[in-house]
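Trainee: What follows is my_file-v6.tsv; its format and atoms are TSV, C-alpha atoms.
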```
chain	number	residue	atom	x	y	z
S	1	MET	CA	-183.43	22.06	-29.74
S	2	ARG	CA	-181.52	25.29	-29.09
S	3	GLN	CA	-178.96	23.32	-27.06
S	4	PHE	CA	-178.75	20.65	-29.74
S	5	ASN	CA	-178.20	23.16	-32.54
S	6	HIS	CA	-175.53	24.90	-30.44
S	7	CYS	CA	-173.70	21.56	-30.16
S	8	LEU	CA	-173.91	20.99	-33.92
S	9	GLU	CA	-172.26	24.35	-34.52
S	10	THR	CA	-169.29	23.76	-32.17
S	11	GLY	CA	-166.22	21.75	-33.14
S	12	ASN	CA	-165.58	19.18	-35.87
S	13	VAL	CA	-169.16	17.94	-36.01
S	14	VAL	CA	-170.14	15.35	-38.61
S	15	GLY	CA	-173.80	15.16	-37.63
S	16	GLY	CA	-176.17	14.52	-34.79
S	17	VAL	CA	-179.46	13.08	-33.62
S	18	MET	CA	-182.14	14.34	-31.26
S	19	CYS	CA	-184.03	11.31	-29.94
S	20	ALA	CA	-187.74	11.43	-29.15
S	21	ASP	CA	-187.13	11.28	-25.37
S	22	GLY	CA	-184.93	14.38	-25.56
S	23	HIS	CA	-185.02	17.12	-22.94
S	24	TYR	CA	-182.92	19.94	-21.52
S	25	GLY	CA	-179.52	18.98	-20.10
S	26	TYR	CA	-176.10	20.40	-19.25
S	27	SER	CA	-174.50	21.77	-22.45
S	28	GLN	CA	-175.69	18.81	-24.60
S	29	PRO	CA	-179.37	17.87	-24.28
S	30	VAL	CA	-180.34	14.52	-22.81
S	31	GLY	CA	-181.40	12.34	-25.73
S	32	GLY	CA	-178.85	14.14	-27.90
S	33	VAL	CA	-176.19	12.44	-30.01
S	34	VAL	CA	-173.29	14.42	-31.49
S	35	VAL	CA	-170.72	12.83	-33.82
S	36	TYR	CA	-167.20	14.30	-33.94
S	37	ASP	CA	-164.24	13.85	-36.24
S	38	GLY	CA	-161.18	13.47	-33.99
S	39	GLN	CA	-162.72	15.14	-30.93
S	40	ILE	CA	-164.36	14.01	-27.68
S	41	SER	CA	-166.70	16.00	-25.43
S	42	PRO	CA	-166.61	15.44	-21.64
S	43	SER	CA	-169.54	17.85	-21.27
S	44	GLY	CA	-171.44	15.78	-23.84
S	45	VAL	CA	-170.86	12.52	-21.99
S	46	GLY	CA	-171.85	14.41	-18.86
S	47	TYR	CA	-171.34	13.94	-15.14
S	48	ASP	CA	-172.83	10.45	-14.83
S	49	ILE	CA	-170.29	8.75	-17.07
S	50	ALA	CA	-171.50	5.35	-18.31
S	51	CYS	CA	-174.95	5.61	-16.83
S	52	GLY	CA	-176.81	2.70	-18.37
S	53	ASN	CA	-179.18	-0.22	-18.00
S	54	LYS	CA	-178.89	-3.92	-17.41
S	55	ALA	CA	-181.75	-6.42	-17.70
S	56	VAL	CA	-181.72	-10.16	-17.14
S	57	LYS	CA	-184.36	-12.75	-17.84
S	58	THR	CA	-184.66	-15.23	-14.98
S	59	ASN	CA	-185.78	-18.85	-14.84
S	60	LEU	CA	-188.87	-17.82	-12.83
S	61	GLN	CA	-192.48	-17.20	-13.84
S	62	TYR	CA	-194.84	-14.56	-12.43
S	63	ASN	CA	-196.72	-17.24	-10.46
S	64	ASP	CA	-193.50	-18.05	-8.61
S	65	ILE	CA	-193.29	-14.59	-7.00
S	66	LYS	CA	-196.72	-12.92	-7.23
S	67	ASP	CA	-197.67	-13.75	-3.63
S	68	THR	CA	-194.36	-12.63	-2.13
S	69	ILE	CA	-193.56	-9.54	-4.20
S	70	SER	CA	-194.06	-7.20	-1.22
S	71	SER	CA	-191.48	-8.97	0.95
S	72	ILE	CA	-189.15	-9.33	-2.06
S	73	MET	CA	-189.16	-5.58	-2.60
S	74	ASP	CA	-188.56	-4.99	1.13
S	75	GLU	CA	-185.50	-7.21	0.85
S	76	VAL	CA	-184.22	-5.47	-2.30
S	77	GLN	CA	-184.57	-2.08	-0.62
S	78	LYS	CA	-182.69	-3.41	2.42
S	79	LYS	CA	-179.86	-5.02	0.44
S	80	VAL	CA	-179.15	-2.39	-2.27
S	81	PRO	CA	-177.94	0.99	-0.95
S	82	PHE	CA	-179.56	3.87	-2.86
S	83	GLY	CA	-178.87	7.59	-2.78
S	84	PHE	CA	-176.36	10.38	-3.25
S	85	GLY	CA	-172.95	9.52	-1.79
S	86	ARG	CA	-174.10	6.19	-0.35
S	87	LYS	CA	-171.44	3.61	0.51
S	88	ASN	CA	-171.73	-0.15	0.48
S	89	PRO	CA	-171.63	-1.49	4.05
S	90	VAL	CA	-170.12	-4.67	2.58
S	91	PRO	CA	-167.06	-3.57	0.55
S	92	VAL	CA	-166.71	-5.44	-2.74
S	93	ASP	CA	-163.40	-6.63	-4.11
S	94	HIS	CA	-163.37	-6.73	-7.90
S	95	GLU	CA	-160.86	-7.06	-10.74
S	96	ILE	CA	-161.83	-3.52	-11.86
S	97	PHE	CA	-159.47	-2.21	-9.16
S	98	ASP	CA	-156.53	-3.81	-11.02
S	99	ASP	CA	-157.38	-2.07	-14.30
S	100	GLU	CA	-154.33	-0.34	-15.77
S	101	ASN	CA	-156.41	2.76	-16.55
S	102	TRP	CA	-156.27	3.77	-12.88
S	103	ASN	CA	-152.77	5.00	-13.80
S	104	VAL	CA	-154.32	7.95	-15.63
S	105	PHE	CA	-155.17	9.46	-12.25
S	106	LYS	CA	-151.61	8.88	-10.99
S	107	GLU	CA	-150.50	11.08	-13.89
S	108	ILE	CA	-152.74	13.80	-12.45
S	109	GLY	CA	-151.56	13.24	-8.87
S	110	GLN	CA	-151.17	10.49	-6.29
S	111	HIS	CA	-153.66	12.16	-3.95
S	112	GLU	CA	-156.32	12.34	-6.69
S	113	HIS	CA	-155.69	8.70	-7.61
S	114	ASP	CA	-155.96	7.48	-4.01
S	115	GLN	CA	-159.08	9.53	-3.30
S	116	LEU	CA	-160.93	8.41	-6.44
S	117	LYS	CA	-160.03	4.76	-5.92
S	118	ALA	CA	-161.17	4.90	-2.29
S	119	THR	CA	-164.51	6.42	-3.36
S	120	ALA	CA	-164.94	3.78	-6.06
S	121	ARG	CA	-164.18	0.94	-3.64
S	122	ALA	CA	-166.65	2.30	-1.10
S	123	GLN	CA	-169.46	2.75	-3.63
S	124	LEU	CA	-169.22	-0.36	-5.81
S	125	GLY	CA	-172.56	-2.16	-5.56
S	126	THR	CA	-174.58	0.96	-4.70
S	127	ALA	CA	-177.17	2.69	-6.87
S	128	GLY	CA	-177.63	6.43	-7.23
S	129	SER	CA	-180.41	8.89	-6.55
S	130	GLY	CA	-182.78	10.61	-8.98
S	131	ASN	CA	-184.05	8.32	-11.74
S	132	HIS	CA	-181.85	5.35	-10.83
S	133	TYR	CA	-183.73	2.17	-9.99
S	134	VAL	CA	-183.97	-1.58	-9.54
S	135	ASP	CA	-187.09	-3.16	-11.08
S	136	ILE	CA	-188.78	-6.55	-11.05
S	137	LEU	CA	-190.61	-6.90	-14.37
S	138	ILE	CA	-192.89	-9.40	-16.08
S	139	ASP	CA	-192.80	-10.22	-19.80
S	140	GLN	CA	-196.30	-9.40	-21.06
S	141	ASN	CA	-196.32	-12.37	-23.45
S	142	THR	CA	-194.59	-15.15	-21.55
S	143	GLU	CA	-195.00	-14.04	-17.88
S	144	GLU	CA	-191.27	-14.66	-17.36
S	145	VAL	CA	-189.67	-12.65	-14.54
S	146	TRP	CA	-187.00	-10.10	-15.48
S	147	ILE	CA	-184.78	-7.89	-13.32
S	148	GLY	CA	-183.68	-4.47	-14.53
S	149	ASN	CA	-181.48	-1.72	-13.14
S	150	HIS	CA	-180.34	1.76	-14.10
S	151	PHE	CA	-177.37	3.69	-12.72
S	152	GLY	CA	-173.83	4.68	-13.68
S	153	SER	CA	-170.34	5.13	-12.30
S	154	ARG	CA	-171.36	6.91	-9.10
S	155	GLY	CA	-168.86	9.29	-7.47
S	156	LEU	CA	-166.00	8.03	-9.65
S	157	GLY	CA	-167.75	9.25	-12.80
S	158	HIS	CA	-168.89	12.53	-11.34
S	159	ARG	CA	-165.44	13.43	-10.00
S	160	THR	CA	-163.81	12.34	-13.25
S	161	ALA	CA	-166.11	14.58	-15.29
S	162	THR	CA	-165.67	17.51	-12.91
S	163	GLY	CA	-161.89	17.07	-12.90
S	164	PHE	CA	-161.46	17.01	-16.66
S	165	LEU	CA	-163.86	19.92	-17.19
S	166	ASN	CA	-161.75	21.82	-14.62
S	167	LEU	CA	-158.51	20.96	-16.45
S	168	ALA	CA	-160.06	22.24	-19.69
S	169	LYS	CA	-160.59	25.61	-17.97
S	170	GLY	CA	-157.05	25.78	-16.59
S	171	LEU	CA	-158.14	24.87	-13.06
S	172	ALA	CA	-156.78	22.10	-10.86
S	173	PHE	CA	-158.44	18.67	-11.22
S	174	SER	CA	-159.77	18.72	-7.64
S	175	ASP	CA	-160.99	22.33	-7.64
S	176	ARG	CA	-164.64	23.03	-6.94
S	177	ALA	CA	-166.48	23.23	-10.27
S	178	PRO	CA	-167.39	26.82	-11.18
S	179	GLY	CA	-171.09	27.63	-11.53
S	180	GLU	CA	-172.04	27.60	-15.19
S	181	SER	CA	-175.02	28.15	-17.43
S	182	MET	CA	-176.83	25.01	-18.60
S	183	GLU	CA	-176.23	26.29	-22.13
S	184	VAL	CA	-172.47	26.59	-21.87
S	185	ALA	CA	-170.69	25.67	-25.12
S	186	PRO	CA	-169.53	22.04	-25.41
S	187	THR	CA	-166.08	21.33	-23.96
S	188	LEU	CA	-163.98	19.53	-26.57
S	189	PHE	CA	-160.64	17.71	-26.48
S	190	GLN	CA	-158.70	16.62	-29.53
S	191	MET	CA	-158.46	12.82	-29.36
S	192	ASP	CA	-154.73	12.96	-30.13
S	193	SER	CA	-154.05	15.53	-27.37
S	194	GLU	CA	-152.79	14.62	-23.89
S	195	LEU	CA	-156.08	15.63	-22.25
S	196	GLY	CA	-158.14	13.84	-24.90
S	197	GLU	CA	-156.18	10.62	-24.50
S	198	MET	CA	-156.32	10.83	-20.68
S	199	TYR	CA	-160.06	11.54	-20.64
S	200	TYR	CA	-160.79	8.63	-22.97
S	201	ARG	CA	-158.89	6.25	-20.68
S	202	ALA	CA	-160.63	7.62	-17.58
S	203	MET	CA	-164.04	7.37	-19.26
S	204	THR	CA	-163.29	3.77	-20.30
S	205	LEU	CA	-162.43	2.93	-16.69
S	206	ALA	CA	-165.65	4.55	-15.44
S	207	GLY	CA	-167.54	2.50	-18.04
S	208	ARG	CA	-166.07	-0.78	-16.80
S	209	TYR	CA	-166.78	0.28	-13.22
S	210	ALA	CA	-170.43	1.00	-14.08
S	211	TYR	CA	-170.75	-2.44	-15.69
S	212	ALA	CA	-169.26	-4.05	-12.56
S	213	GLY	CA	-171.72	-2.19	-10.32
S	214	ARG	CA	-174.78	-3.11	-12.35
S	215	ASP	CA	-173.61	-6.75	-12.54
S	216	TYR	CA	-173.20	-6.88	-8.76
S	217	VAL	CA	-176.63	-5.40	-8.00
S	218	ILE	CA	-178.39	-7.70	-10.48
S	219	GLN	CA	-176.70	-10.70	-8.82
S	220	GLN	CA	-177.90	-9.50	-5.42
S	221	VAL	CA	-181.50	-9.45	-6.67
S	222	LEU	CA	-181.11	-12.87	-8.32
S	223	ASP	CA	-179.95	-14.20	-4.95
S	224	ILE	CA	-182.96	-12.65	-3.20
S	225	LEU	CA	-185.27	-14.32	-5.74
S	226	GLY	CA	-183.36	-17.60	-5.61
S	227	ALA	CA	-183.20	-17.34	-9.40
S	228	GLU	CA	-180.72	-17.75	-12.23
S	229	SER	CA	-180.11	-15.49	-15.21
S	230	THR	CA	-180.92	-17.13	-18.54
S	231	PHE	CA	-180.37	-14.09	-20.83
S	232	GLU	CA	-178.98	-10.58	-20.36
S	233	VAL	CA	-178.89	-7.19	-22.04
S	234	HIS	CA	-176.42	-4.56	-20.87
S	235	ASN	CA	-175.62	-1.14	-22.31
S	236	HIS	CA	-174.41	2.38	-21.49
S	237	HIS	CA	-176.30	5.46	-22.65
S	238	ASN	CA	-173.97	8.27	-21.41
S	239	TYR	CA	-170.71	7.54	-23.19
S	240	ALA	CA	-168.46	8.25	-26.18
S	241	TRP	CA	-167.87	5.39	-28.62
S	242	LYS	CA	-165.35	4.95	-31.43
S	243	GLU	CA	-167.58	3.86	-34.31
S	244	THR	CA	-167.34	3.61	-38.07
S	245	HIS	CA	-170.04	5.46	-40.01
S	246	PHE	CA	-170.15	6.11	-43.74
S	247	GLY	CA	-166.75	4.40	-44.08
S	248	LYS	CA	-164.82	6.43	-41.48
S	249	GLU	CA	-164.15	6.17	-37.72
S	250	TYR	CA	-165.73	8.91	-35.62
S	251	ILE	CA	-166.38	9.62	-31.95
S	252	VAL	CA	-170.11	9.25	-31.20
S	253	VAL	CA	-171.10	11.06	-28.00
S	254	ARG	CA	-174.46	9.86	-26.70
S	255	LYS	CA	-176.00	11.61	-23.69
S	256	GLY	CA	-179.13	9.70	-22.75
S	257	ALA	CA	-179.23	7.71	-25.98
S	258	THR	CA	-178.88	3.96	-26.56
S	259	PRO	CA	-176.64	2.54	-29.28
S	260	ALA	CA	-178.76	0.49	-31.69
S	261	ALA	CA	-176.65	-0.98	-34.47
S	262	PRO	CA	-178.39	-3.70	-36.54
S	263	GLY	CA	-178.94	-6.67	-34.24
S	264	GLN	CA	-177.61	-4.82	-31.17
S	265	LEU	CA	-179.79	-5.30	-28.08
S	266	GLY	CA	-180.85	-2.57	-25.69
S	267	PHE	CA	-182.88	-2.32	-22.49
S	268	VAL	CA	-184.96	0.86	-22.29
S	269	GLY	CA	-186.99	1.65	-19.18
S	270	GLY	CA	-190.15	3.70	-18.86
S	271	SER	CA	-191.41	5.38	-15.70
S	272	MET	CA	-192.39	3.51	-12.53
S	273	GLY	CA	-195.93	3.27	-13.94
S	274	ASP	CA	-195.17	2.33	-17.53
S	275	ILE	CA	-193.71	-0.45	-19.66
S	276	SER	CA	-190.02	-1.12	-20.31
S	277	VAL	CA	-188.71	-2.89	-23.41
S	278	ILE	CA	-185.93	-5.02	-24.79
S	279	LEU	CA	-185.24	-3.80	-28.31
S	280	GLN	CA	-182.75	-4.33	-31.09
S	281	GLY	CA	-181.52	-2.10	-33.86
S	282	VAL	CA	-182.47	-2.81	-37.47
S	283	GLU	CA	-180.76	-1.81	-40.70
S	284	SER	CA	-182.47	1.01	-42.58
S	285	GLU	CA	-181.65	4.32	-44.19
S	286	LYS	CA	-183.28	6.08	-41.24
S	287	SER	CA	-181.24	4.19	-38.65
S	288	LYS	CA	-178.04	4.85	-40.62
S	289	GLU	CA	-178.80	8.59	-40.65
S	290	ALA	CA	-179.47	8.39	-36.90
S	291	PHE	CA	-175.96	6.96	-36.43
S	292	TYR	CA	-177.66	3.83	-35.09
S	293	SER	CA	-178.99	5.56	-31.97
S	294	THR	CA	-182.28	5.31	-30.12
S	295	VAL	CA	-184.00	6.44	-26.92
S	296	HIS	CA	-182.75	5.59	-23.42
S	297	GLY	CA	-186.08	6.13	-21.64
S	298	ALA	CA	-189.39	7.94	-21.88
S	299	GLY	CA	-188.03	11.46	-21.39
S	300	ARG	CA	-189.00	14.09	-18.83
S	301	ILE	CA	-191.78	16.59	-19.46
S	302	MET	CA	-191.61	18.23	-16.02
S	303	SER	CA	-188.58	19.42	-14.07
S	304	ARG	CA	-187.79	17.98	-10.64
S	305	THR	CA	-188.53	21.25	-8.85
S	306	GLN	CA	-191.79	21.72	-10.75
S	307	ALA	CA	-192.92	18.23	-9.80
S	308	ALA	CA	-191.75	18.02	-6.19
S	309	GLY	CA	-191.45	21.66	-5.16
S	310	LYS	CA	-188.55	23.55	-3.62
S	311	MET	CA	-186.68	21.99	-0.72
S	312	ASN	CA	-186.60	23.85	2.60
S	313	TRP	CA	-183.29	22.60	4.01
S	314	LYS	CA	-184.22	23.59	7.56
S	315	THR	CA	-187.40	21.51	7.68
S	316	ARG	CA	-186.18	18.95	5.10
S	317	LYS	CA	-189.55	19.23	3.37
S	318	ARG	CA	-190.57	20.35	-0.10
S	319	ARG	CA	-193.31	22.86	-0.87
S	320	GLY	CA	-195.16	23.97	-3.98
S	321	GLY	CA	-194.81	20.84	-6.10
S	322	ALA	CA	-197.34	20.00	-8.82
S	323	ILE	CA	-197.44	16.31	-7.81
S	324	THR	CA	-198.34	15.04	-4.35
S	325	GLU	CA	-197.06	11.84	-2.80
S	326	GLU	CA	-200.66	10.63	-2.59
S	327	GLN	CA	-201.11	11.11	-6.36
S	328	MET	CA	-197.90	9.18	-7.03
S	329	LYS	CA	-198.83	6.30	-4.73
S	330	LYS	CA	-202.32	6.02	-6.22
S	331	ALA	CA	-200.93	5.96	-9.77
S	332	VAL	CA	-198.40	3.19	-9.10
S	333	LYS	CA	-200.87	1.15	-7.05
S	334	ARG	CA	-203.38	1.39	-9.91
S	335	TYR	CA	-200.66	0.14	-12.27
S	336	GLY	CA	-199.94	-2.79	-9.94
S	337	VAL	CA	-196.47	-1.77	-8.73
S	338	GLU	CA	-194.93	-2.33	-5.31
S	339	LEU	CA	-192.96	0.89	-4.86
S	340	ARG	CA	-190.14	1.47	-2.39
S	341	GLY	CA	-188.52	4.88	-2.00
S	342	ALA	CA	-188.82	7.51	-4.80
S	343	GLY	CA	-189.83	11.14	-4.68
S	344	THR	CA	-192.66	12.74	-6.63
S	345	ASP	CA	-190.04	14.12	-9.06
S	346	GLU	CA	-189.83	10.56	-10.43
S	347	SER	CA	-193.57	9.89	-10.53
S	348	PRO	CA	-195.23	8.70	-13.77
S	349	PHE	CA	-196.67	12.21	-14.29
S	350	VAL	CA	-193.27	13.72	-15.09
S	351	TYR	CA	-192.51	11.40	-18.03
S	352	ARG	CA	-193.80	10.83	-21.54
S	353	LYS	CA	-195.34	7.45	-22.34
S	354	LEU	CA	-192.58	5.13	-23.51
S	355	GLN	CA	-194.61	3.70	-26.40
S	356	GLU	CA	-194.98	7.19	-27.90
S	357	VAL	CA	-191.23	7.80	-28.04
S	358	LEU	CA	-190.60	4.30	-29.39
S	359	ASP	CA	-193.17	4.91	-32.14
S	360	ALA	CA	-191.22	8.01	-33.19
S	361	HIS	CA	-188.21	5.76	-33.89
S	362	GLU	CA	-190.19	3.30	-36.00
S	363	GLY	CA	-188.09	1.79	-38.75
S	364	THR	CA	-184.87	1.92	-36.72
S	365	ILE	CA	-185.67	-0.53	-33.90
S	366	GLU	CA	-187.63	-3.71	-33.27
S	367	ILE	CA	-189.28	-4.47	-29.91
S	368	LEU	CA	-188.45	-8.00	-28.76
S	369	HIS	CA	-189.95	-8.01	-25.25
S	370	THR	CA	-192.44	-5.71	-23.53
S	371	LEU	CA	-192.00	-5.76	-19.77
S	372	LYS	CA	-194.37	-4.51	-17.06
S	373	PRO	CA	-192.90	-3.50	-13.69
S	374	ILE	CA	-194.43	-5.09	-10.58
S	375	GLY	CA	-191.75	-3.88	-8.17
S	376	VAL	CA	-189.67	-0.67	-8.21
S	377	VAL	CA	-187.02	0.52	-5.76
S	378	MET	CA	-185.50	4.00	-5.96
S	379	ALA	CA	-183.76	6.40	-3.61
S	380	SER	CA	-186.02	8.31	-1.25
S	381	ASP	CA	-186.48	12.04	-1.87
```
Starting from the file, lay out its structure as structure tokens.
Mentor:
Amino acid sequence: MRQFNHCLETGNVVGGVMCADGHYGYSQPVGGVVVYDGQISPSGVGYDIACGNKAVKTNLQYNDIKDTISSIMDEVQKKVPFGFGRKNPVPVDHEIFDDENWNVFKEIGQHEHDQLKATARAQLGTAGSGNHYVDILIDQNTEEVWIGNHFGSRGLGHRTATGFLNLAKGLAFSDRAPGESMEVAPTLFQMDSELGEMYYRAMTLAGRYAYAGRDYVIQQVLDILGAESTFEVHNHHNYAWKETHFGKEYIVVRKGATPAAPGQLGFVGGSMGDISVILQGVESEKSKEAFYSTVHGAGRIMSRTQAAGKMNWKTRKRRGGAITEEQMKKAVKRYGVELRGAGTDESPFVYRKLQEVLDAHEGTIEILHTLKPIGVVMASD
């Protein structure tokens, strides 16, 4: 809340929202929404530009896969590269690489442009580390099989954020980012300034790239299942949108928050041992005051280090964590999940219950589908 209030006091702020899954973040809290008049905040969008979720309903039923879920998850883990800096062993060609917004990096420098594009080409179709995942889920009412994923724009987004935050400080785009407090004041660009216009174009490109990556990974899992998509939901939750509220266009910066305009669909995931949901925004005074925003997940209640312990880089092992691997494996097995990868810092114990945070947003959203995970793949610790 201290971070959130600090954001509300900095710049041309119209208002803001703290969602029920909110927790500590860099400069702007995760689960925080800040609405600006004529300004955009690269620190608010954060380092994982366009992190988001995609979910598809398939033409399969639970009975079609229940006996082979273990081998299915083995195949998903084998096919989808997870982890920090991972590259796709099968490079993907995609129309995203012809997007005119790549020119924004040429304006910064040919070397920066070439380096970023090479990274993006190498990583398209890979998922990240941390809380990024691929899930196989079952609709609790119909027993239809769904596929869900969660990740963003990979190295392209991180380097874009770092570069523009450097430029704001008078540093070179490619300089190493200076160490900063988590409670550093928001970095703001005027939308009509050169940096503001360049950042918006670069963020838009990272957003399209994230969509392309999530589309590709979902298709890979559909192919593994031998299934077809019959319905899809796809949304960012780390992004800055141009939206009209109370009769005027503003910039809405959501960090870990899902847009939920009336009738707009969203996919919100819980932990590896909890439900996920497909929701839609509804019209109400409360949702209007929340700038049509809702949760993006369950929200952390325990830091990564607290959960998993400190890493000893010599032994490559962690010590002193509150959660053991045995506890995590027991919890997900009890919930009926085939888990691949994941560290204890992503175990169910470190998250709130999703239903509790959804209940806090009652009157602004409607739950259309409740989904139970039966298979989860994440990066290893």
Trainee: Write out as a list in words which residues come within 10 Å of Gly256 (chain S) when counting all atoms listed in the file, dropping same-chain ones fewer than 5 positions away.
Mentor: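 Non-adjacent residues within range: Cys19, Asp21, Gly22, His23, Gly25, Gln28, Pro29, Val30, Gly31, Gly32, Val33, Gly44, Val45, Gly46, Ala50, Cys51, Gly52, His236, His237, Asn238, Tyr239, Thr294, Val295, His296, Gly297 and Gly299 of chain S.
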Trainee: Which is closest to Ser174 (chain S) among S:Ser287, S:Gln77, S:Thr162, S:Thr370, if we use all atoms listed in the file?
Mentor: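 Of S:Ser287, S:Gln77, S:Thr162, S:Thr370, the one nearest Ser174 (chain S) is S:Thr162, counting all atoms listed in the file.
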Trainee: To one decimal place in Å, what is the distance between CA of Thr305 (chain S) and CA of Met182 (chain S)?
Mentor: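 Taking CA of Thr305 (chain S) as the start and CA of Met182 (chain S) as the end point, the length is 15.7 Å.
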Trainee: So which one's closest to Ala20 (chain S), S:Met73, S:Val332, S:Leu225, S:Met1? Using only C-alpha atoms, please.
Mentor: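 Nearest candidate to Ala20 (chain S) out of S:Met73, S:Val332, S:Leu225, S:Met1: S:Met1.
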Trainee: For a quick check of understanding, using all atoms listed in the file, which of S:Asn235, S:Ser181, S:Gln110, S:Thr119 has the smallest distance to His158 (chain S)?
Mentor: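 The answer is S:Thr119, which sits nearest to His158 (chain S).
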